[in-house]
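Participant: I am sharing upload.cif, which consists of mmCIF, C-alpha atoms:
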data_work
#
loop_
_atom_site.group_PDB
_atom_site.id
_atom_site.type_symbol
_atom_site.label_atom_id
_atom_site.label_comp_id
_atom_site.auth_asym_id
_atom_site.auth_seq_id
_atom_site.Cartn_x
_atom_site.Cartn_y
_atom_site.Cartn_z
ATOM 1 C CA MET E 29 1.283 -2.063 46.985
ATOM 2 C CA SER E 30 4.405 -1.249 44.953
ATOM 3 C CA LEU E 31 4.353 -2.900 41.520
ATOM 4 C CA ASP E 32 7.762 -4.268 40.509
ATOM 5 C CA LEU E 33 8.356 -3.419 36.846
ATOM 6 C CA ARG E 34 11.034 -6.102 36.540
ATOM 7 C CA LYS E 35 8.592 -8.803 37.619
ATOM 8 C CA LEU E 36 6.004 -7.268 35.315
ATOM 9 C CA GLY E 37 8.441 -7.633 32.417
ATOM 10 C CA TYR E 38 8.947 -11.288 33.310
ATOM 11 C CA PHE E 39 5.193 -11.793 33.327
ATOM 12 C CA VAL E 40 4.804 -10.223 29.870
ATOM 13 C CA ALA E 41 7.547 -12.463 28.486
ATOM 14 C CA VAL E 42 5.784 -15.600 29.737
ATOM 15 C CA ALA E 43 2.359 -14.362 28.616
ATOM 16 C CA GLN E 44 3.495 -13.504 25.108
ATOM 17 C CA SER E 45 5.512 -16.690 24.563
ATOM 18 C CA GLN E 46 2.957 -18.885 26.402
ATOM 19 C CA SER E 47 5.863 -20.880 27.757
ATOM 20 C CA TYR E 48 8.099 -20.597 30.823
ATOM 21 C CA VAL E 49 10.840 -22.444 28.935
ATOM 22 C CA ARG E 50 10.875 -20.055 25.960
ATOM 23 C CA ALA E 51 10.499 -16.977 28.170
ATOM 24 C CA ALA E 52 13.390 -18.047 30.403
ATOM 25 C CA ALA E 53 15.601 -18.518 27.349
ATOM 26 C CA GLU E 54 14.651 -15.078 25.994
ATOM 27 C CA LEU E 55 15.320 -13.454 29.375
ATOM 28 C CA HIS E 56 18.585 -15.375 29.934
ATOM 29 C CA ILE E 57 17.532 -16.654 33.353
ATOM 30 C CA THR E 58 16.754 -20.131 34.629
ATOM 31 C CA GLN E 59 13.223 -21.477 34.516
ATOM 32 C CA PRO E 60 13.009 -21.979 38.316
ATOM 33 C CA ALA E 61 14.103 -18.373 38.889
ATOM 34 C CA LEU E 62 11.480 -17.161 36.436
ATOM 35 C CA SER E 63 8.789 -19.245 38.132
ATOM 36 C CA ARG E 64 9.705 -17.721 41.503
ATOM 37 C CA GLN E 65 9.406 -14.202 40.080
ATOM 38 C CA ILE E 66 5.943 -14.929 38.645
ATOM 39 C CA GLN E 67 4.825 -16.517 41.927
ATOM 40 C CA ALA E 68 6.023 -13.447 43.835
ATOM 41 C CA LEU E 69 4.066 -11.201 41.455
ATOM 42 C CA GLU E 70 0.933 -13.306 41.914
ATOM 43 C CA GLN E 71 1.314 -13.123 45.687
ATOM 44 C CA SER E 72 1.772 -9.362 45.666
ATOM 45 C CA LEU E 73 -1.353 -8.936 43.519
ATOM 46 C CA GLY E 74 -3.340 -11.618 45.338
ATOM 47 C CA VAL E 75 -4.400 -13.316 42.071
ATOM 48 C CA THR E 76 -3.503 -16.275 39.867
ATOM 49 C CA LEU E 77 -2.141 -15.130 36.516
ATOM 50 C CA PHE E 78 -1.569 -18.428 34.708
ATOM 51 C CA THR E 79 -3.071 -21.869 34.505
ATOM 52 C CA ARG E 80 -0.610 -24.672 33.809
ATOM 53 C CA ASP E 81 -1.463 -28.092 32.367
ATOM 54 C CA ARG E 82 -0.211 -30.593 29.804
ATOM 55 C CA ARG E 83 -1.235 -28.299 26.955
ATOM 56 C CA GLY E 84 1.009 -25.497 28.229
ATOM 57 C CA THR E 85 0.620 -22.143 29.954
ATOM 58 C CA ALA E 86 -2.540 -20.054 29.580
ATOM 59 C CA LEU E 87 -3.624 -16.721 31.030
ATOM 60 C CA THR E 88 -6.409 -16.461 33.546
ATOM 61 C CA GLY E 89 -8.908 -13.618 33.356
ATOM 62 C CA ALA E 90 -6.724 -11.615 35.733
ATOM 63 C CA GLY E 91 -3.701 -12.459 33.624
ATOM 64 C CA ARG E 92 -5.349 -11.236 30.423
ATOM 65 C CA GLN E 93 -6.241 -7.954 32.089
ATOM 66 C CA LEU E 94 -2.723 -7.526 33.448
ATOM 67 C CA LEU E 95 -1.181 -8.228 30.045
ATOM 68 C CA GLU E 96 -3.437 -5.635 28.395
ATOM 69 C CA ASP E 97 -2.357 -2.961 30.882
ATOM 70 C CA ALA E 98 1.253 -4.091 31.391
ATOM 71 C CA VAL E 99 2.477 -3.685 27.817
ATOM 72 C CA PRO E 100 1.747 0.075 27.549
ATOM 73 C CA LEU E 101 2.891 0.581 31.160
ATOM 74 C CA LEU E 102 6.291 -0.950 30.466
ATOM 75 C CA ALA E 103 6.566 1.010 27.219
ATOM 76 C CA SER E 104 5.799 4.209 29.136
ATOM 77 C CA ALA E 105 8.539 3.380 31.646
ATOM 78 C CA VAL E 106 11.038 2.913 28.804
ATOM 79 C CA ALA E 107 9.876 6.169 27.234
ATOM 80 C CA LEU E 108 10.238 8.029 30.524
ATOM 81 C CA GLU E 109 13.817 6.842 30.950
ATOM 82 C CA ARG E 110 14.670 7.748 27.350
ATOM 83 C CA ARG E 111 13.217 11.245 27.621
ATOM 84 C CA VAL E 112 14.904 11.985 30.940
ATOM 85 C CA ARG E 113 18.295 10.973 29.586
ATOM 86 C CA ALA E 114 17.727 12.969 26.407
ATOM 87 C CA ALA E 115 16.787 16.025 28.451
ATOM 88 C CA ALA E 116 19.988 15.706 30.446
ATOM 89 C CA ARG E 117 22.037 15.631 27.243
ATOM 90 C CA LEU E 118 20.268 18.077 24.983
ATOM 91 C CA GLY E 119 17.813 20.146 26.955
ATOM 92 C CA ASN E 120 14.615 20.948 25.068
ATOM 93 C CA GLU E 121 14.313 18.181 22.458
ATOM 94 C CA PHE E 122 11.345 17.290 20.225
ATOM 95 C CA THR E 123 11.210 14.314 17.848
ATOM 96 C CA ILE E 124 8.606 14.091 15.082
ATOM 97 C CA GLY E 125 7.767 10.818 13.376
ATOM 98 C CA PHE E 126 6.941 11.008 9.671
ATOM 99 C CA MET E 127 5.499 8.349 7.380
ATOM 100 C CA PRO E 128 5.356 7.472 3.676
ATOM 101 C CA GLY E 129 2.851 9.471 1.702
ATOM 102 C CA VAL E 130 2.432 12.360 4.155
ATOM 103 C CA PRO E 131 3.893 15.689 2.885
ATOM 104 C CA PHE E 132 6.199 16.926 5.589
ATOM 105 C CA THR E 133 9.249 18.900 4.422
ATOM 106 C CA ASP E 134 7.765 22.421 4.359
ATOM 107 C CA LEU E 135 5.954 21.829 7.653
ATOM 108 C CA LEU E 136 9.151 20.739 9.390
ATOM 109 C CA ALA E 137 11.008 23.824 8.141
ATOM 110 C CA GLU E 138 8.257 26.142 9.387
ATOM 111 C CA PHE E 139 8.118 24.463 12.794
ATOM 112 C CA ARG E 140 11.877 24.680 13.256
ATOM 113 C CA ALA E 141 11.821 28.374 12.340
ATOM 114 C CA ALA E 142 9.026 28.999 14.863
ATOM 115 C CA HIS E 143 10.895 27.159 17.653
ATOM 116 C CA PRO E 144 14.575 28.112 17.389
ATOM 117 C CA ASP E 145 15.133 27.184 21.046
ATOM 118 C CA VAL E 146 14.015 23.574 20.486
ATOM 119 C CA SER E 147 16.207 20.818 19.085
ATOM 120 C CA VAL E 148 13.807 19.365 16.493
ATOM 121 C CA ASP E 149 14.543 15.963 15.014
ATOM 122 C CA ALA E 150 12.590 14.043 12.350
ATOM 123 C CA ARG E 151 12.498 10.244 12.297
ATOM 124 C CA TYR E 152 11.038 7.914 9.679
ATOM 125 C CA VAL E 153 8.373 5.641 11.173
ATOM 126 C CA PRO E 154 7.471 2.416 9.335
ATOM 127 C CA ILE E 155 3.738 1.748 9.362
ATOM 128 C CA VAL E 156 4.193 -1.344 11.530
ATOM 129 C CA GLU E 157 6.030 0.743 14.144
ATOM 130 C CA GLN E 158 3.695 3.742 14.362
ATOM 131 C CA GLU E 159 2.321 2.811 17.808
ATOM 132 C CA PRO E 160 5.486 1.238 19.320
ATOM 133 C CA TYR E 161 7.596 4.296 18.439
ATOM 134 C CA LEU E 162 5.147 6.561 20.271
ATOM 135 C CA LEU E 163 4.704 4.290 23.280
ATOM 136 C CA ASP E 164 8.421 3.718 23.893
ATOM 137 C CA GLY E 165 9.356 7.388 23.449
ATOM 138 C CA THR E 166 11.289 7.024 20.201
ATOM 139 C CA VAL E 167 9.185 9.934 18.897
ATOM 140 C CA ASP E 168 7.177 12.591 20.758
ATOM 141 C CA VAL E 169 4.513 12.884 18.064
ATOM 142 C CA SER E 170 3.982 11.028 14.825
ATOM 143 C CA PHE E 171 1.851 11.074 11.729
ATOM 144 C CA VAL E 172 -0.205 7.861 11.777
ATOM 145 C CA TRP E 173 -2.890 6.064 9.810
ATOM 146 C CA LEU E 174 -6.022 5.476 11.869
ATOM 147 C CA PRO E 175 -7.317 3.470 13.628
ATOM 148 C CA LEU E 176 -4.978 3.115 16.599
ATOM 149 C CA LYS E 177 -5.199 0.184 18.999
ATOM 150 C CA SER E 178 -3.542 1.512 22.155
ATOM 151 C CA ARG E 179 -5.662 3.329 24.731
ATOM 152 C CA GLU E 180 -2.506 5.210 25.741
ATOM 153 C CA LEU E 181 -2.540 7.272 22.550
ATOM 154 C CA ARG E 182 -4.426 10.422 21.650
ATOM 155 C CA HIS E 183 -4.696 11.860 18.152
ATOM 156 C CA VAL E 184 -5.753 14.863 16.095
ATOM 157 C CA GLU E 185 -7.361 14.012 12.745
ATOM 158 C CA LEU E 186 -5.761 15.845 9.831
ATOM 159 C CA LEU E 187 -6.633 14.496 6.408
ATOM 160 C CA ASP E 188 -8.673 11.879 4.538
ATOM 161 C CA VAL E 189 -6.771 9.825 1.957
ATOM 162 C CA PRO E 190 -8.394 7.521 -0.646
ATOM 163 C CA ARG E 191 -7.805 3.780 -0.423
ATOM 164 C CA VAL E 192 -6.321 2.139 -3.492
ATOM 165 C CA ALA E 193 -6.171 -1.473 -4.576
ATOM 166 C CA VAL E 194 -2.692 -2.580 -5.590
ATOM 167 C CA VAL E 195 -2.967 -5.324 -8.226
ATOM 168 C CA PRO E 196 -0.421 -7.109 -10.434
ATOM 169 C CA ALA E 197 0.572 -4.926 -13.371
ATOM 170 C CA SER E 198 -0.543 -7.704 -15.733
ATOM 171 C CA SER E 199 -4.096 -7.805 -14.309
ATOM 172 C CA PRO E 200 -7.001 -6.748 -16.571
ATOM 173 C CA LEU E 201 -8.184 -4.600 -13.649
ATOM 174 C CA THR E 202 -5.464 -2.060 -14.430
ATOM 175 C CA ARG E 203 -7.476 -0.950 -17.485
ATOM 176 C CA SER E 204 -9.920 0.851 -15.171
ATOM 177 C CA THR E 205 -9.311 4.193 -13.476
ATOM 178 C CA THR E 206 -11.413 3.159 -10.466
ATOM 179 C CA LEU E 207 -12.539 -0.206 -9.129
ATOM 180 C CA SER E 208 -15.568 -1.284 -7.128
ATOM 181 C CA LEU E 209 -15.633 -3.936 -4.428
ATOM 182 C CA GLU E 210 -17.437 -6.164 -6.914
ATOM 183 C CA ASP E 211 -14.605 -5.729 -9.446
ATOM 184 C CA LEU E 212 -12.062 -6.781 -6.850
ATOM 185 C CA ARG E 213 -13.833 -10.023 -5.978
ATOM 186 C CA THR E 214 -12.168 -11.619 -8.997
ATOM 187 C CA MET E 215 -8.979 -12.006 -6.935
ATOM 188 C CA PRO E 216 -8.209 -12.724 -3.251
ATOM 189 C CA LEU E 217 -7.171 -10.078 -0.735
ATOM 190 C CA VAL E 218 -3.686 -10.685 0.719
ATOM 191 C CA ASP E 219 -4.313 -8.299 3.650
ATOM 192 C CA ASP E 220 -6.358 -8.625 6.786
ATOM 193 C CA PRO E 221 -9.975 -8.242 5.527
ATOM 194 C CA GLY E 222 -10.361 -5.381 8.015
ATOM 195 C CA SER E 223 -8.153 -3.261 5.740
ATOM 196 C CA LEU E 224 -11.071 -2.935 3.310
ATOM 197 C CA PRO E 225 -14.429 -2.127 4.966
ATOM 198 C CA GLY E 226 -17.276 -3.949 3.259
ATOM 199 C CA TRP E 227 -15.061 -6.677 1.791
ATOM 200 C CA ARG E 228 -16.913 -9.983 1.416
ATOM 201 C CA GLY E 229 -14.628 -11.765 -1.034
ATOM 202 C CA ASP E 230 -11.901 -14.360 -0.571
ATOM 203 C CA SER E 231 -8.697 -13.809 1.368
ATOM 204 C CA ALA E 232 -5.426 -15.429 0.392
ATOM 205 C CA PRO E 233 -4.574 -18.209 2.899
ATOM 206 C CA ARG E 234 -1.354 -17.477 4.775
ATOM 207 C CA ARG E 235 0.563 -18.987 7.678
ATOM 208 C CA ARG E 236 1.123 -15.518 9.114
ATOM 209 C CA PRO E 237 -0.399 -12.106 8.379
ATOM 210 C CA LEU E 238 1.503 -9.762 6.066
ATOM 211 C CA VAL E 239 2.116 -6.486 7.891
ATOM 212 C CA ALA E 240 5.009 -4.672 6.215
ATOM 213 C CA VAL E 241 4.141 -2.849 2.990
ATOM 214 C CA GLU E 242 7.084 -4.443 1.203
ATOM 215 C CA GLU E 243 5.829 -7.946 2.038
ATOM 216 C CA ARG E 244 2.338 -7.160 0.811
ATOM 217 C CA LEU E 245 3.621 -5.743 -2.464
ATOM 218 C CA GLU E 246 5.792 -8.807 -3.024
ATOM 219 C CA ALA E 247 2.740 -11.030 -2.552
ATOM 220 C CA VAL E 248 0.786 -8.962 -5.077
ATOM 221 C CA ALA E 249 3.639 -9.012 -7.609
ATOM 222 C CA ALA E 250 3.806 -12.803 -7.221
ATOM 223 C CA GLY E 251 0.165 -13.054 -8.266
ATOM 224 C CA GLU E 252 -1.271 -14.045 -4.886
ATOM 225 C CA GLY E 253 -3.979 -11.378 -4.993
ATOM 226 C CA PHE E 254 -4.328 -7.667 -4.250
ATOM 227 C CA CYS E 255 -3.630 -5.454 -1.234
ATOM 228 C CA VAL E 256 -5.146 -2.191 -0.007
ATOM 229 C CA LEU E 257 -3.074 0.884 0.848
ATOM 230 C CA PRO E 258 -3.603 4.600 1.386
ATOM 231 C CA ALA E 259 -2.993 6.368 -1.922
ATOM 232 C CA GLY E 260 0.036 8.256 -0.605
ATOM 233 C CA VAL E 261 1.711 5.066 0.593
ATOM 234 C CA ALA E 262 1.115 3.329 -2.735
ATOM 235 C CA HIS E 263 2.664 6.311 -4.536
ATOM 236 C CA TYR E 264 5.691 6.233 -2.206
ATOM 237 C CA TYR E 265 6.265 2.507 -2.860
ATOM 238 C CA ARG E 266 5.706 2.617 -6.646
ATOM 239 C CA ARG E 267 7.157 -0.291 -8.621
ATOM 240 C CA ASP E 268 6.793 -1.550 -12.198
ATOM 241 C CA ASP E 269 5.271 -4.953 -11.428
ATOM 242 C CA VAL E 270 2.198 -3.656 -9.553
ATOM 243 C CA THR E 271 -0.395 -0.946 -10.231
ATOM 244 C CA ALA E 272 -2.518 1.098 -7.801
ATOM 245 C CA VAL E 273 -6.139 1.824 -8.722
ATOM 246 C CA GLU E 274 -8.513 3.886 -6.576
ATOM 247 C CA ILE E 275 -11.406 1.971 -4.995
ATOM 248 C CA HIS E 276 -14.736 3.654 -5.740
ATOM 249 C CA GLY E 277 -16.977 4.058 -2.696
ATOM 250 C CA ALA E 278 -14.450 2.778 -0.144
ATOM 251 C CA GLU E 279 -14.093 4.645 3.121
ATOM 252 C CA PRO E 280 -10.947 6.835 3.095
ATOM 253 C CA VAL E 281 -8.028 6.274 5.435
ATOM 254 C CA ILE E 282 -7.561 9.038 7.989
ATOM 255 C CA VAL E 283 -4.152 10.639 8.564
ATOM 256 C CA ALA E 284 -3.753 11.862 12.137
ATOM 257 C CA LEU E 285 -1.088 13.243 14.425
ATOM 258 C CA ALA E 286 -0.739 11.035 17.509
ATOM 259 C CA TYR E 287 0.967 11.313 20.898
ATOM 260 C CA THR E 288 0.762 9.542 24.248
ATOM 261 C CA ARG E 289 -2.085 10.745 26.430
ATOM 262 C CA HIS E 290 0.039 11.962 29.352
ATOM 263 C CA ARG E 291 2.252 14.291 27.289
ATOM 264 C CA THR E 292 1.816 18.004 28.012
ATOM 265 C CA MET E 293 4.584 19.544 25.878
ATOM 266 C CA PRO E 294 3.234 22.781 24.332
ATOM 267 C CA GLU E 295 5.149 21.909 21.149
ATOM 268 C CA ILE E 296 2.722 19.045 20.548
ATOM 269 C CA GLN E 297 -0.281 21.326 20.209
ATOM 270 C CA HIS E 298 1.725 23.896 18.249
ATOM 271 C CA PHE E 299 2.870 21.255 15.780
ATOM 272 C CA ALA E 300 -0.641 19.787 15.498
ATOM 273 C CA ALA E 301 -2.080 23.202 14.606
ATOM 274 C CA MET E 302 0.614 23.752 11.970
ATOM 275 C CA ALA E 303 0.119 20.253 10.551
ATOM 276 C CA ARG E 304 -3.622 20.737 10.248
ATOM 277 C CA ARG E 305 -3.130 24.063 8.440
ATOM 278 C CA HIS E 306 -0.490 22.662 6.060
ATOM 279 C CA LEU E 307 -2.331 19.491 5.111
ATOM 280 C CA THR E 308 -5.680 21.251 4.742
ATOM 281 C CA SER E 309 -4.173 23.819 2.390
ATOM 282 C CA ARG E 310 -2.615 21.052 0.258
ATOM 283 C CA ARG E 311 -5.928 19.210 0.084
ATOM 284 C CA ASP E 312 -7.713 22.365 -1.088
ATOM 285 C CA GLU E 313 -5.187 23.149 -3.830
#
Give the structure from this file in structure tokens form.

Facilitator:
Amino acid sequence: MSLDLRKLGYFVAVAQSQSYVRAAAELHITQPALSRQIQALEQSLGVTLFTRDRRGTALTGAGRQLLEDAVPLLASAVALERRVRAAARLGNEFTIGFMPGVPFTDLLAEFRAAHPDVSVDARYVPIVEQEPYLLDGTVDVSFVWLPLKSRELRHVELLDVPRVAVVPASSPLTRSTTLSLEDLRTMPLVDDPGSLPGWRGDSAPRRRPLVAVEERLEAVAAGEGFCVLPAGVAHYYRRDDVTAVEIHGAEPVIVALAYTRHRTMPEIQHFAAMARRHLTSRRDE
């Protein structure tokens, strides 16, 4: 069987929007044409991917499995095309993703000096894009905060970073140099509770989760509660209306270097070894 990536993309659009009407509008095709493409995909796979009733469109068990595998597969296809075209233009190219709070300048200079035959580029990676940028080939490797969700990614652990609670600058909690989980229960958490292991307090009710750091800090400044960030990220996003205080006894956040599992570029391992040496030496200073 030859899997048609175009049909797979149509399937993902319907699965993610849970509507043939919305998916057809996003794809700029008619709904009947989209339905025919999904039916052809189901026939080629020999399974039913969706159930359809008055409540809308829902995935079957086979559909849920296909969606889980299809998203990274399509991202890999996009990445492959991007890398092939880049190779045709520039030859040996290597793009490194860097993130807030991870010291990087000296490491980049050393790597470039060690690989004069490689065109080395550095690209800023927002926290919310750390996995998408790797999966779609925007970057070859990237510093990331663990954990990662995608099974397509591999990583090398580099450094532990303390978690800090970011609270309104006017909060009495800013008088302490460290806070316990019990101290923090006086205000709600604006993040996903999973951002703070062991948290058993209240969470601020929201219509949608806050993902971007800037959104979370705005919520804290507005008095909605507190958020949790790696110390380096909090330092990078410093502002006068919020204060970061280390959380005593909280598990640290792990900084890692990540890449997609099928990549075999020797530069990846070379850069990982340099990164580990650089970050370890800074930690020990």

Participant: As an exercise, work out the distance from atom CA of E:Ile282 to atom CA of E:Val172 in Å and give it to one decimal place.

Facilitator: 8.4 Å

Participant: If you count all atoms listed in the file, which residues fall within 7 Å of stretch 140-154 of chain E, apart from same-chain ones fewer than 4 positions away, as number ranges by chain?

Facilitator: E: 120-127, 136, 158

Participant: Using all atoms listed in the file, find the one residue out of E:His290, E:Arg266, E:His276, E:Arg203 that sits nearest to E:Val241.

Facilitator: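 Using all atoms listed in the file, the shortest distance to E:Val241 belongs to E:Arg266.
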
Participant: Step by step, work through what the PyMOL selection byres ((chain E and resi 304) around 9) selects in the shown file, and finish by giving those residues as number ranges by chain.

Facilitator: E: 184-187, 285, 299-303, 305-309

Participant: Evaluate the PyMOL selection byres ((chain E and resi 104) around 12) against this structure - the residues, as a ChimeraX atom specification, please.

Facilitator: /E:33,97-103,105-111,159-166,168,178,180-181,287-291

Participant: Can you work out which one of E:Ser72, E:Glu279, E:Pro175, E:Thr271 has the shortest atom-to-atom distance to E:Leu224, counting only C-alpha atoms?

Facilitator: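 Ranked by minimum distance to E:Leu224, first place goes to E:Glu279.
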
Participant: Which one is closest to E:Leu201: E:Gly253, E:Gly37, E:Pro225, E:Gly129? Count all atoms listed in the file.

Facilitator: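 Among E:Gly253, E:Gly37, E:Pro225, E:Gly129, it is E:Gly253 that comes nearest to E:Leu201.
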
Participant: Compare E:Arg191, E:Arg50, E:Arg228, E:Arg64 by their minimum atom-to-atom distance to E:Gly84, counting only C-alpha atoms, and give me the closest one.

Facilitator: E:Arg50

Participant: Atom CA of E:Pro258 and atom CA of E:Val130, how far apart in Å?

Facilitator: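 Interatomic distance here is 10.2 Å.
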
Participant: Would you mind reading off the distance between atom CA of E:Thr202 and atom CA of E:Ala240, one decimal, in Å?

Facilitator: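 Here the two named atoms are 23.3 Å from each other.
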
Participant: Since I can't run it myself right now, could you work out what the PyMOL selection byres ((chain E and resi 223) around 12) selects here and report it as a list of chain:residue names?

Facilitator: E:Trp173, E:Leu174, E:Pro175, E:Arg191, E:Val192, E:Ala193, E:Leu217, E:Val218, E:Asp219, E:Asp220, E:Pro221, E:Gly222, E:Leu224, E:Pro225, E:Gly226, E:Trp227, E:Arg228, E:Ser231, E:Leu238, E:Val239, E:Phe254, E:Cys255, E:Val256, E:Leu257, E:Pro258, E:Ala278, E:Glu279, E:Pro280, E:Val281

Participant: Using the selection just defined, write its residues with C-alpha atoms as a PDB file, keeping the file's coordinate frame.

Facilitator:
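Result file result.pdb:
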ATOM      1  CA  TRP E 173      -2.890   6.064   9.810  1.00  0.00           C
ATOM      2  CA  LEU E 174      -6.022   5.476  11.869  1.00  0.00           C
ATOM      3  CA  PRO E 175      -7.317   3.470  13.628  1.00  0.00           C
ATOM      4  CA  ARG E 191      -7.805   3.780  -0.423  1.00  0.00           C
ATOM      5  CA  VAL E 192      -6.321   2.139  -3.492  1.00  0.00           C
ATOM      6  CA  ALA E 193      -6.171  -1.473  -4.576  1.00  0.00           C
ATOM      7  CA  LEU E 217      -7.171 -10.078  -0.735  1.00  0.00           C
ATOM      8  CA  VAL E 218      -3.686 -10.685   0.719  1.00  0.00           C
ATOM      9  CA  ASP E 219      -4.313  -8.299   3.650  1.00  0.00           C
ATOM     10  CA  ASP E 220      -6.358  -8.625   6.786  1.00  0.00           C
ATOM     11  CA  PRO E 221      -9.975  -8.242   5.527  1.00  0.00           C
ATOM     12  CA  GLY E 222     -10.361  -5.381   8.015  1.00  0.00           C
ATOM     13  CA  LEU E 224     -11.071  -2.935   3.310  1.00  0.00           C
ATOM     14  CA  PRO E 225     -14.429  -2.127   4.966  1.00  0.00           C
ATOM     15  CA  GLY E 226     -17.276  -3.949   3.259  1.00  0.00           C
ATOM     16  CA  TRP E 227     -15.061  -6.677   1.791  1.00  0.00           C
ATOM     17  CA  ARG E 228     -16.913  -9.983   1.416  1.00  0.00           C
ATOM     18  CA  SER E 231      -8.697 -13.809   1.368  1.00  0.00           C
ATOM     19  CA  LEU E 238       1.503  -9.762   6.066  1.00  0.00           C
ATOM     20  CA  VAL E 239       2.116  -6.486   7.891  1.00  0.00           C
ATOM     21  CA  PHE E 254      -4.328  -7.667  -4.250  1.00  0.00           C
ATOM     22  CA  CYS E 255      -3.630  -5.454  -1.234  1.00  0.00           C
ATOM     23  CA  VAL E 256      -5.146  -2.191  -0.007  1.00  0.00           C
ATOM     24  CA  LEU E 257      -3.074   0.884   0.848  1.00  0.00           C
ATOM     25  CA  PRO E 258      -3.603   4.600   1.386  1.00  0.00           C
ATOM     26  CA  ALA E 278     -14.450   2.778  -0.144  1.00  0.00           C
ATOM     27  CA  GLU E 279     -14.093   4.645   3.121  1.00  0.00           C
ATOM     28  CA  PRO E 280     -10.947   6.835   3.095  1.00  0.00           C
ATOM     29  CA  VAL E 281      -8.028   6.274   5.435  1.00  0.00           C
TER      30      VAL E 281
END
